[in-house]
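So the structure is just underneath, and the comments pick up after that.
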Amino acid sequence: MRLLPDIVSYEERLKSFDWSLAVTELGYVKEDIINIGWYCSDRICLKGNADKIALYYESFGGTEKSFTFNDVRLTSNTIGNFLINLGLKNEDRICLFMDRIPELYFSFLGILKIGAIVQPLFSAFGDESLYIRLENAQTRAIITQRKHLPKVRKISHKLPFLEYVIVVDPVKGKSLEKNEVAFILHETPSVEDFKIFPTRAESPSVLHYTSGTTGQPKGVEHVHYSLISQYLTAKWVLDLHDNDIYWCTADPGWVTGTSYGIIGPWSLGITQCVLDAGFSAQAWYKFIEKYKVSVWYTAPTAIRSLMKAGKEVVESFDLSSLRHLSSVGEPLNSEAVVWSGKVFGKQFHDTFWQTETGSIMISNYIGMKIKPGSMGKPFPGIVGVVLDPKTFEPVPEPGKVGLIAFKPGWPAMMRGYWNNHEKYREKFVNGWYLTGDKASIDNEGYFWFIGRDDDVINTAGHLVSPFEVESALLEHPAVAESAVVAKPDEINMEVVKAFVTLKPGIIPDKELELDIMNFIRRKLSPMAMPQEIEYMDKLPKTRSGKIMRRVLRAKEWGEEIGDVSTLEDD
Ligand code: 6R9
């Protein structure tokens with residue numbers, strides 16, 4: 001493998017690692033101001049890179065735009081100034097509910113510059129998904145596009161804390177409703193000097209929502225100090241160098257799209273590109289060829305879809321610019337790693353982390369031998385183990401399955417779940433942070449992913465809570481009871497499957513199945529929509545009345561059902 005001359009091996013890094021390496025490179029002085037918005041724009045300009053391209057953007061329809069780091073500095077200043085003039089202030093929650101348009105990226109930094117908390121949400125979310133998260137965070141403002149206004153309007157009257165709906169592309173002459181304000185970036189005078197709020201290491205920065213098995217989604221609280229981890233992992237794991245053109249395919253509604261789609265690369269002054277369009281093998285290869293992408297961070301479902309599209313498609317494009325490939329979000333099967341080695345001449349480097357960890361924890365570090373199918377080893381400075389599920393002590397034998405856990409204390413670690421201290425506390429046992437995933441570690445220290453330790457469904461890298469889908473299903477007029485589990489899928493690894501019982505007198509048929517699916521798609525999201533609905537006369541329940549998802553899941557995966565002694569009698 002070709003390594004760039006400045007690369008230090010994993011073993012060497014382990015010997016002398018300290019997070020202060022990043023602190024020094026970033027010029028951060030302990031106890032002083034640290035603001036991610038400033039680090040990702042102003043600082044890069046001060047270092048002499050004001051005219052360097054920060055963002056190449058291409059829209060769904062093929063519109064191209066490019067922005068320098070100075071543009072990023074000015075636009076984020078301008079947005080920050082607008083928010084301040086509305087009366088928004090530090091620690092207010094401001095939601096981004098937009099497609100991947102340039103305003104999304106600039107607003108992210110603008111919100112951080114005023115010391116407010118940025119709450120990014122997928123624009124594909126339906127009104128119910130949006131409502132639950134805005135209500136939980138008591139969000140004060142939302143920045144959106146007019147195409148998403150109908151969803152916002154449907155719920156804004158139920159959100160007493162939501163004061164402003166900021167629309168970045170209103171139609172001229174078409175009136176906005178009373179709490180809606182227009183903000184058109186290119187028509188707003190640019191703000192050259194902006195007083196950035198003096199955030200400190202522990203000041204809150206980003207609030208990402210993630211789904212668990214029970215209860216509503218949890219808001220994961222991050223702080224400005226997360227920059228230290230995000231900067232260093234972007235540099236050493238994604239292998240970003242000054243002349244790289246970097247493409248992170250993730251949407252900033254997901255933590256990968258912020259930690260490594262904004263903060264990591266821009267704090268390093270790297271040029272990145274964004275394609276605001278859905279997946280197509282042709283379009284993706286064309287994009288890599290056109291922008292000469294050298295570093296690519298994507299997800300296993302996309303890689304499997306590319307595999308399915310075949311080698312011939314790859315060969316019709318010039319992809320020789322690619323230098324380093326990484327993946328995250330779900331298990332990366334060994335076939336995909338081997339395939340990428342054959343067709344791109346480079347193997348994908350798997351990385352493992354979570355919304356809660358804020359930055360990459362386990363990876364196939366640059367230069368390290370790749371064992372296809374393994375997630376690699378903990379990043380220097382990260383103590384990662386697998387714990388015995390009964391004693392919560394590290395498992396000493398190589399190859400034995402346990403719970404993936406980390407010693408708390410790395411800079412990007414979440415600081416809490418929004419308003420949910422109890423759930424946060426449950427994540428720690430014996431001084432370890434529990435990820436909720438299972439793995440084994442081999443005799444060379446490589447981690448091998450086994451699966452999640454809960455019922456959360458990971459479909460195409462998106463975590464979907466069965467509880468959220470079950471609750472939404474109950475709101476459908478025909479549904480009496482529901483149970484939701486993962487079902488295996490060749491491309492997405494898992495998809496959502498719902499088992500339902502119907503209300504008396506309702507006839508189950510195909511039309512109703514489609515109606516229920518669409519109901520969930522509109523209410524929650526396309527990711528949460530069940531791909532299959534199975535009608536049941538009765539759901540398996542424990543004697544105490546709890547639905548046994550385990551039994552239904554085992555059936556889908558062809559596994560042993562296990563202990564059913566608590567199953568209700570007929
Ligand atoms: C960044 C991100 C976290 C969960 C995690 C695990 C799964 C992530 C993985 C992986 C197998 C990998 N996951 N990376 N599973 N191999 N390389 O994905 O955050 O959305 O919070 O998901 O995703 O189950 O616990 P998030």
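Going by the structure tokens order, chains are called A, B, ..., each with residues numbered from 1, while ligands are numbered from 1 in the order shown.
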With a distance cut-off of 12 Å and only C-alpha atoms, select the neighbouring residues of Val395 (chain A), excluding the residue or stretch itself and same-chain residues fewer than 2 positions from it, and output the selection as a VMD selection string. chain A and resid 384 to 393 397 to 405 438 to 442
Produce as a PyMOL selection string the set of residues near ligand 1, where near means within 8 Å with only C-alpha atoms and all ligand atoms considered. chain A and resi 210+254-256+327-332+350-356+358-360+362-363+375+435-437+449-452+458+461-463
Write down as a list in words the residues of region 83-170 of chain A whose backbone DSSP state falls under strand (DSSP E or B). Arg93, Ile94, Cys95, Leu96, Phe97, Ile117, Val118, Gln119, Pro120, Ala141, Ile142, Ile143, Thr144, Tyr164, Val165, Ile166 and Val167 of chain A
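Of the listed residues A:Arg73, A:Lys15, A:Lys369, A:Lys174, the one whose atoms come nearest to Arg43 (chain A) is A:Arg73, with distances taken using only C-alpha atoms.
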Kindly provide the residues of region 165-244 of chain A that approach region 16-31 of chain A to within 10 Å, each paired with its closest atom pair and their distance in Å to one decimal, based on only C-alpha atoms, listed by chain and increasing number, as CSV.
```
residue,atom,partner,partner_atom,distance
A:Arg200,CA,A:Glu31,CA,6.8
A:Ala201,CA,A:Glu31,CA,7.1
A:Glu202,CA,A:Glu31,CA,9.6
A:Tyr225,CA,A:Val23,CA,9.7
A:Leu227,CA,A:Ala22,CA,9.0
A:Ile228,CA,A:Ala22,CA,5.8
A:Ser229,CA,A:Trp19,CA,7.6
A:Gln230,CA,A:Ala22,CA,9.6
A:Tyr231,CA,A:Ala22,CA,7.2
A:Leu232,CA,A:Ala22,CA,6.1
A:Thr233,CA,A:Ala22,CA,9.7
A:Lys235,CA,A:Ala22,CA,9.9
```
Can those selected residues be exported to a file as an mmCIF file, in the first residue's frame so that it contains N, CA and C atoms?
```
data_model
loop_
_atom_site.group_PDB
_atom_site.id
_atom_site.type_symbol
_atom_site.label_atom_id
_atom_site.label_comp_id
_atom_site.auth_asym_id
_atom_site.auth_seq_id
_atom_site.Cartn_x
_atom_site.Cartn_y
_atom_site.Cartn_z
ATOM 1 N N ARG A 200 -16.489 27.589 25.427
ATOM 2 C CA ARG A 200 -15.321 26.918 26.033
ATOM 3 C C ARG A 200 -15.403 25.432 25.724
ATOM 4 N N ALA A 201 -14.401 24.699 26.183
ATOM 5 C CA ALA A 201 -14.325 23.267 25.878
ATOM 6 C C ALA A 201 -15.641 22.538 26.178
ATOM 7 N N GLU A 202 -16.251 22.836 27.312
ATOM 8 C CA GLU A 202 -17.442 22.082 27.706
ATOM 9 C C GLU A 202 -18.748 22.752 27.282
ATOM 10 N N TYR A 225 -15.348 20.800 22.557
ATOM 11 C CA TYR A 225 -14.065 20.111 22.705
ATOM 12 C C TYR A 225 -13.995 18.829 21.849
ATOM 13 N N LEU A 227 -14.030 18.612 18.941
ATOM 14 C CA LEU A 227 -13.160 18.954 17.813
ATOM 15 C C LEU A 227 -11.812 18.226 17.886
ATOM 16 N N ILE A 228 -11.286 18.105 19.104
ATOM 17 C CA ILE A 228 -9.952 17.495 19.269
ATOM 18 C C ILE A 228 -9.943 16.082 18.674
ATOM 19 N N SER A 229 -10.953 15.281 19.026
ATOM 20 C CA SER A 229 -11.008 13.908 18.493
ATOM 21 C C SER A 229 -11.327 13.909 17.007
ATOM 22 N N GLN A 230 -12.267 14.764 16.614
ATOM 23 C CA GLN A 230 -12.726 14.737 15.218
ATOM 24 C C GLN A 230 -11.606 15.170 14.271
ATOM 25 N N TYR A 231 -10.835 16.149 14.703
ATOM 26 C CA TYR A 231 -9.710 16.639 13.907
ATOM 27 C C TYR A 231 -8.679 15.524 13.704
ATOM 28 N N LEU A 232 -8.282 14.895 14.812
ATOM 29 C CA LEU A 232 -7.192 13.920 14.741
ATOM 30 C C LEU A 232 -7.603 12.634 14.036
ATOM 31 N N THR A 233 -8.841 12.176 14.251
ATOM 32 C CA THR A 233 -9.276 10.941 13.591
ATOM 33 C C THR A 233 -9.476 11.193 12.098
ATOM 34 N N LYS A 235 -7.769 13.166 10.361
ATOM 35 C CA LYS A 235 -6.427 13.259 9.797
ATOM 36 C C LYS A 235 -5.780 11.874 9.674
#
```
For Tyr417 (chain A), which residue among A:Asp6, A:Glu58, A:Glu221, A:Asp537 is the nearest when counting only C-alpha atoms?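 Once distances to Tyr417 (chain A) are computed over only C-alpha atoms, the minimum belongs to A:Glu221.
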Taking 6 positions as the minimum chain separation for residues in the same chain, which residues sit within 9 Å of Pro252 (chain A) when counting only C-alpha atoms? Answer as an NGL selection string. :A and (100 or 104-105 or 120-122 or 258-259 or 261-262)
